[in-house]
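Source file: input.cif; contents: mmCIF, C-alpha atoms; chains and numbers go by the auth columns.
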data_run
#
loop_
_atom_site.group_PDB
_atom_site.id
_atom_site.type_symbol
_atom_site.label_atom_id
_atom_site.label_comp_id
_atom_site.label_asym_id
_atom_site.label_seq_id
_atom_site.Cartn_x
_atom_site.Cartn_y
_atom_site.Cartn_z
_atom_site.B_iso_or_equiv
_atom_site.auth_seq_id
_atom_site.auth_asym_id
ATOM 1 C CA MET A 1 0.578 -8.768 -12.436 0.00 146 D
ATOM 2 C CA LEU A 2 3.408 -9.855 -10.157 0.00 147 D
ATOM 3 C CA HIS A 3 3.230 -12.825 -7.798 0.00 148 D
ATOM 4 C CA LEU A 4 5.627 -12.488 -4.875 0.00 149 D
ATOM 5 C CA ARG A 5 6.664 -14.482 -1.828 0.00 150 D
ATOM 6 C CA ALA A 6 7.797 -12.955 1.463 0.00 151 D
ATOM 7 C CA SER A 7 9.457 -15.500 3.765 0.00 152 D
ATOM 8 C CA SER A 8 9.524 -13.149 6.747 0.00 153 D
ATOM 9 C CA ILE A 9 8.304 -9.794 7.990 0.00 154 D
ATOM 10 C CA ASP A 10 11.670 -8.411 6.861 0.00 155 D
ATOM 11 C CA ASP A 11 10.853 -9.573 3.312 0.00 156 D
ATOM 12 C CA THR A 12 7.424 -7.909 3.552 0.00 157 D
ATOM 13 C CA HIS A 13 9.157 -4.700 4.631 0.00 158 D
ATOM 14 C CA ALA A 14 11.690 -5.053 1.793 0.00 159 D
ATOM 15 C CA ILE A 15 8.940 -5.513 -0.810 0.00 160 D
ATOM 16 C CA ALA A 16 7.148 -2.461 0.558 0.00 161 D
ATOM 17 C CA ALA A 17 10.415 -0.496 0.459 0.00 162 D
ATOM 18 C CA CYS A 18 10.923 -1.403 -3.207 0.00 163 D
ATOM 19 C CA ILE A 19 7.470 -0.086 -4.035 0.00 164 D
ATOM 20 C CA ALA A 20 7.999 3.015 -1.880 0.00 165 D
ATOM 21 C CA GLY A 21 11.189 3.695 -3.827 0.00 166 D
ATOM 22 C CA LEU A 22 9.136 4.001 -7.008 0.00 167 D
ATOM 23 C CA ALA A 23 6.124 5.781 -5.496 0.00 168 D
ATOM 24 C CA ARG A 24 5.416 9.414 -6.360 0.00 169 D
ATOM 25 C CA THR A 25 3.171 12.084 -4.986 0.00 170 D
ATOM 26 C CA GLY A 26 -0.356 11.506 -6.174 0.00 171 D
ATOM 27 C CA ASP A 27 -0.052 7.707 -5.947 0.00 172 D
ATOM 28 C CA LEU A 28 -2.715 5.574 -4.332 0.00 173 D
ATOM 29 C CA ILE A 29 -1.605 2.155 -3.144 0.00 174 D
ATOM 30 C CA VAL A 30 -4.443 -0.125 -2.089 0.00 175 D
ATOM 31 C CA LEU A 31 -3.634 -2.886 0.401 0.00 176 D
ATOM 32 C CA ALA A 32 -5.962 -5.877 0.408 0.00 177 D
ATOM 33 C CA GLY A 33 -6.129 -9.054 2.431 0.00 178 D
ATOM 34 C CA GLU A 34 -7.838 -10.701 5.336 0.00 179 D
ATOM 35 C CA MET A 35 -7.315 -9.677 8.952 0.00 180 D
ATOM 36 C CA GLY A 36 -3.735 -10.496 9.915 0.00 181 D
ATOM 37 C CA ALA A 37 -2.509 -10.855 6.315 0.00 182 D
ATOM 38 C CA GLY A 38 0.211 -8.241 6.772 0.00 183 D
ATOM 39 C CA LYS A 39 -1.288 -4.988 5.481 0.00 184 D
ATOM 40 C CA THR A 40 -0.065 -2.915 8.416 0.00 185 D
ATOM 41 C CA ALA A 41 3.355 -4.611 8.332 0.00 186 D
ATOM 42 C CA PHE A 42 3.559 -3.666 4.645 0.00 187 D
ATOM 43 C CA ALA A 43 2.583 -0.077 5.517 0.00 188 D
ATOM 44 C CA GLN A 44 5.305 0.022 8.185 0.00 189 D
ATOM 45 C CA GLY A 45 7.962 -1.065 5.681 0.00 190 D
ATOM 46 C CA PHE A 46 6.671 1.429 3.124 0.00 191 D
ATOM 47 C CA GLY A 47 6.684 4.254 5.669 0.00 192 D
ATOM 48 C CA ALA A 48 10.152 3.397 6.978 0.00 193 D
ATOM 49 C CA ALA A 49 11.522 3.477 3.429 0.00 194 D
ATOM 50 C CA LEU A 50 10.140 6.995 2.994 0.00 195 D
ATOM 51 C CA GLY A 51 11.558 8.157 6.314 0.00 196 D
ATOM 52 C CA VAL A 52 8.724 7.719 8.814 0.00 197 D
ATOM 53 C CA ALA A 53 10.556 7.486 12.135 0.00 198 D
ATOM 54 C CA GLU A 54 7.598 7.121 14.477 0.00 199 D
ATOM 55 C CA PRO A 55 5.740 3.845 15.034 0.00 200 D
ATOM 56 C CA MET A 56 3.052 3.231 12.402 0.00 201 D
ATOM 57 C CA THR A 57 -0.128 1.583 13.585 0.00 202 D
ATOM 58 C CA SER A 58 -3.307 0.838 11.702 0.00 203 D
ATOM 59 C CA PRO A 59 -5.604 3.886 11.716 0.00 204 D
ATOM 60 C CA THR A 60 -8.721 1.734 12.106 0.00 205 D
ATOM 61 C CA PHE A 61 -10.564 4.161 14.393 0.00 206 D
ATOM 62 C CA THR A 62 -9.078 7.476 13.245 0.00 207 D
ATOM 63 C CA LEU A 63 -9.325 6.403 9.563 0.00 208 D
ATOM 64 C CA VAL A 64 -6.197 8.320 8.440 0.00 209 D
ATOM 65 C CA HIS A 65 -2.764 8.899 9.953 0.00 210 D
ATOM 66 C CA SER A 66 -0.648 11.457 8.100 0.00 211 D
ATOM 67 C CA TYR A 67 3.136 11.630 8.244 0.00 212 D
ATOM 68 C CA ASP A 68 4.686 14.881 7.001 0.00 213 D
ATOM 69 C CA LEU A 69 8.088 13.956 5.629 0.00 214 D
ATOM 70 C CA GLY A 70 8.994 17.356 4.234 0.00 215 D
ATOM 71 C CA ARG A 71 9.011 16.690 0.496 0.00 216 D
ATOM 72 C CA ILE A 72 5.937 14.450 0.703 0.00 217 D
ATOM 73 C CA THR A 73 3.197 13.458 3.100 0.00 218 D
ATOM 74 C CA LEU A 74 2.331 9.808 3.564 0.00 219 D
ATOM 75 C CA HIS A 75 -1.345 9.258 4.373 0.00 220 D
ATOM 76 C CA HIS A 76 -2.079 5.824 5.843 0.00 221 D
ATOM 77 C CA ALA A 77 -5.820 5.135 5.631 0.00 222 D
ATOM 78 C CA ASP A 78 -7.872 2.213 6.887 0.00 223 D
ATOM 79 C CA ILE A 79 -11.424 2.012 5.579 0.00 224 D
ATOM 80 C CA TYR A 80 -12.378 -1.249 7.303 0.00 225 D
ATOM 81 C CA ARG A 81 -15.047 0.489 9.390 0.00 226 D
ATOM 82 C CA LEU A 82 -16.628 2.355 6.453 0.00 227 D
ATOM 83 C CA SER A 83 -19.680 0.813 4.866 0.00 228 D
ATOM 84 C CA THR A 84 -20.627 3.107 1.988 0.00 229 D
ATOM 85 C CA ARG A 85 -18.911 4.801 -0.952 0.00 230 D
ATOM 86 C CA ASN A 86 -20.105 8.169 0.435 0.00 231 D
ATOM 87 C CA GLU A 87 -18.152 7.556 3.648 0.00 232 D
ATOM 88 C CA VAL A 88 -15.037 6.851 1.582 0.00 233 D
ATOM 89 C CA ASP A 89 -15.677 10.037 -0.419 0.00 234 D
ATOM 90 C CA ASP A 90 -15.796 11.977 2.874 0.00 235 D
ATOM 91 C CA LEU A 91 -12.111 11.081 3.404 0.00 236 D
ATOM 92 C CA ALA A 92 -11.306 13.480 0.520 0.00 237 D
ATOM 93 C CA LEU A 93 -8.658 11.186 -0.940 0.00 238 D
ATOM 94 C CA ASN A 94 -8.189 13.378 -4.002 0.00 239 D
ATOM 95 C CA GLU A 95 -7.254 16.295 -1.785 0.00 240 D
ATOM 96 C CA LEU A 96 -4.765 14.116 0.101 0.00 241 D
ATOM 97 C CA LEU A 97 -3.234 12.919 -3.169 0.00 242 D
ATOM 98 C CA GLU A 98 -3.046 16.405 -4.654 0.00 243 D
ATOM 99 C CA SER A 99 -1.307 17.889 -1.621 0.00 244 D
ATOM 100 C CA ASP A 100 2.106 16.291 -2.250 0.00 245 D
ATOM 101 C CA GLY A 101 0.733 13.093 -0.793 0.00 246 D
ATOM 102 C CA ILE A 102 0.910 9.356 -1.245 0.00 247 D
ATOM 103 C CA VAL A 103 -2.019 7.363 0.121 0.00 248 D
ATOM 104 C CA LEU A 104 -1.723 3.801 1.419 0.00 249 D
ATOM 105 C CA MET A 105 -5.243 2.462 1.901 0.00 250 D
ATOM 106 C CA GLU A 106 -5.899 -0.693 3.898 0.00 251 D
ATOM 107 C CA TRP A 107 -9.074 -2.591 3.014 0.00 252 D
ATOM 108 C CA GLY A 108 -9.490 -0.435 -0.109 0.00 253 D
ATOM 109 C CA ASP A 109 -10.134 -3.406 -2.379 0.00 254 D
ATOM 110 C CA VAL A 110 -13.827 -3.195 -1.471 0.00 255 D
ATOM 111 C CA VAL A 111 -14.101 0.126 -3.337 0.00 256 D
ATOM 112 C CA ALA A 112 -10.979 -0.115 -5.542 0.00 257 D
ATOM 113 C CA GLN A 113 -12.837 -0.041 -8.843 0.00 258 D
ATOM 114 C CA SER A 114 -14.267 3.376 -7.995 0.00 259 D
ATOM 115 C CA LEU A 115 -10.956 4.823 -6.761 0.00 260 D
ATOM 116 C CA GLY A 116 -9.380 5.554 -10.119 0.00 261 D
ATOM 117 C CA GLU A 117 -5.777 4.718 -10.919 0.00 262 D
ATOM 118 C CA HIS A 118 -3.929 2.822 -8.206 0.00 263 D
ATOM 119 C CA LEU A 119 -1.542 0.003 -7.404 0.00 264 D
ATOM 120 C CA LEU A 120 -3.196 -2.970 -5.723 0.00 265 D
ATOM 121 C CA VAL A 121 -1.142 -5.082 -3.325 0.00 266 D
ATOM 122 C CA ARG A 122 -2.991 -8.191 -2.127 0.00 267 D
ATOM 123 C CA LEU A 123 -1.443 -10.036 0.813 0.00 268 D
ATOM 124 C CA GLU A 124 -2.333 -13.585 1.795 0.00 269 D
ATOM 125 C CA PRO A 125 -0.983 -15.880 4.512 0.00 270 D
ATOM 126 C CA GLY A 126 1.551 -18.437 3.319 0.00 271 D
ATOM 127 C CA GLU A 127 2.452 -21.880 4.546 0.00 272 D
ATOM 128 C CA ASP A 128 3.523 -20.655 8.004 0.00 273 D
ATOM 129 C CA ASP A 129 3.018 -17.622 10.263 0.00 274 D
ATOM 130 C CA ALA A 130 5.913 -15.651 8.747 0.00 275 D
ATOM 131 C CA THR A 131 5.315 -16.348 5.054 0.00 276 D
ATOM 132 C CA ARG A 132 3.089 -14.181 2.874 0.00 277 D
ATOM 133 C CA ARG A 133 2.043 -14.385 -0.761 0.00 278 D
ATOM 134 C CA LEU A 134 1.626 -11.007 -2.432 0.00 279 D
ATOM 135 C CA THR A 135 0.033 -10.111 -5.739 0.00 280 D
ATOM 136 C CA VAL A 136 0.812 -6.690 -7.186 0.00 281 D
ATOM 137 C CA SER A 137 -1.222 -5.237 -10.042 0.00 282 D
ATOM 138 C CA GLY A 138 -1.689 -1.816 -11.554 0.00 283 D
ATOM 139 C CA ASN A 139 -4.982 -0.180 -12.426 0.00 284 D
ATOM 140 C CA GLY A 140 -4.588 2.577 -15.017 0.00 285 D
ATOM 141 C CA LYS A 141 -1.608 4.229 -16.657 0.00 286 D
ATOM 142 C CA VAL A 142 0.045 5.631 -13.526 0.00 287 D
ATOM 143 C CA TRP A 143 2.157 2.541 -12.815 0.00 288 D
ATOM 144 C CA ALA A 144 2.486 1.387 -16.447 0.00 289 D
ATOM 145 C CA GLY A 145 5.479 3.672 -17.018 0.00 290 D
ATOM 146 C CA ARG A 146 7.181 2.306 -13.899 0.00 291 D
ATOM 147 C CA TRP A 147 6.217 -1.335 -14.329 0.00 292 D
ATOM 148 C CA GLU A 148 9.563 -2.559 -15.715 0.00 293 D
ATOM 149 C CA ARG A 149 11.424 -0.835 -12.872 0.00 294 D
ATOM 150 C CA LEU A 150 8.962 -2.356 -10.392 0.00 295 D
ATOM 151 C CA GLU A 151 9.528 -5.836 -11.844 0.00 296 D
ATOM 152 C CA ALA A 152 13.292 -5.377 -11.622 0.00 297 D
ATOM 153 C CA ALA A 153 13.134 -4.063 -8.041 0.00 298 D
ATOM 154 C CA LEU A 154 11.000 -7.006 -6.916 0.00 299 D
ATOM 155 C CA ALA A 155 12.698 -9.731 -9.009 0.00 300 D
ATOM 156 C CA LYS A 156 14.156 -11.637 -6.046 0.00 301 D
ATOM 157 C CA PHE A 157 10.672 -12.078 -4.545 0.00 302 D
ATOM 158 C CA VAL A 158 8.877 -13.218 -7.735 0.00 303 D
ATOM 159 C CA THR A 159 7.286 -16.675 -7.816 0.00 304 D
ATOM 160 C CA ASP A 160 5.562 -18.542 -10.630 0.00 305 D
#

Encoding of this model in structure tokens:
Amino acid sequence: MLHLRASSIDDTHAIAACIAGLARTGDLIVLAGEMGAGKTAFAQGFGAALGVAEPMTSPTFTLVHSYDLGRITLHHADIYRLSTRNEVDDLALNELLESDGIVLMEWGDVVAQSLGEHLLVRLEPGEDDATRRLTVSGNGKVWAGRWERLEAALAKFVTD
């Protein structure tokens, strides 16, 4: 588990970019945190690092926005409005992951234990409006092989 500190939205974007740089097709990254914690800002930094040129907004009402980037497709999901596991299953996440996709899922911590292997990024407000505390943890073997590279990429943001 990594404990990180972002002093600004630029730091949040930089942390997301570091993770995006290590992400592969088939990865599920779950974003957790209260309303306004920075999940969408993280997604924007992640998307920009992969080459998303258009504005990224939270897909709260459409549930999934997909960005075809040629070599991969980034699927940005928001399951805040879903109330049952069956509704989450209807999103067909496995199909999105298997189709050269990476899925970023906001509010996925509610069902994370049933999602299989994933990286969990929890964002929490810090001591002021710009600061965020982030906790990054892996679930399963998918990120275990990349963990040392992830630690090195995020070293300047690590806190005790």

- [ ] Could you expand the PyMOL selection byres ((chain D and resi 217) around 7) into the explicit residues it covers here, written as number ranges by chain?
- [x] D: 170, 213-216, 218-219, 245-246

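When the PyMOL selection byres ((chain D and resi 265) around 7) is run on the displayed coordinates, the residues it returns are D:Ile174, D:Val175, D:Leu176, D:His263, D:Leu264, D:Val266, D:Arg267, D:Val281, D:Ser282, D:Gly283.
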
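Among D:Arg291, D:Lys301, D:His210, D:Lys184, the residue with the shortest atom-to-atom distance to His148 (chain D), counting all atoms listed in the file, is D:Lys301.
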
TODO: Taking (0.7, -6.6, 4.4) in the file's own coordinates, collect the residues within 10 Å, counting all atoms listed in the file, and hand them back as a PyMOL selection string.
DONE: chain D and resi 151+154+157-158+160-161+176-190+251+266-270+277-279

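CA of Ile247 (chain D) is positioned 24.8 Å from CA of Val303 (chain D).
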
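Of the residues listed (D:Thr202, D:Thr276, D:Thr304, D:Asn284), D:Thr304 shows the shortest atom-to-atom separation from Leu147 (chain D); distances use all atoms listed in the file.
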
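Atom pair CA of Gly166 (chain D) / CA of Leu249 (chain D) has a distance of 13.9 Å (rounded to one decimal).
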
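Straight-line separation from CA of Asp156 (chain D) to CA of Gly261 (chain D): 28.6 Å.
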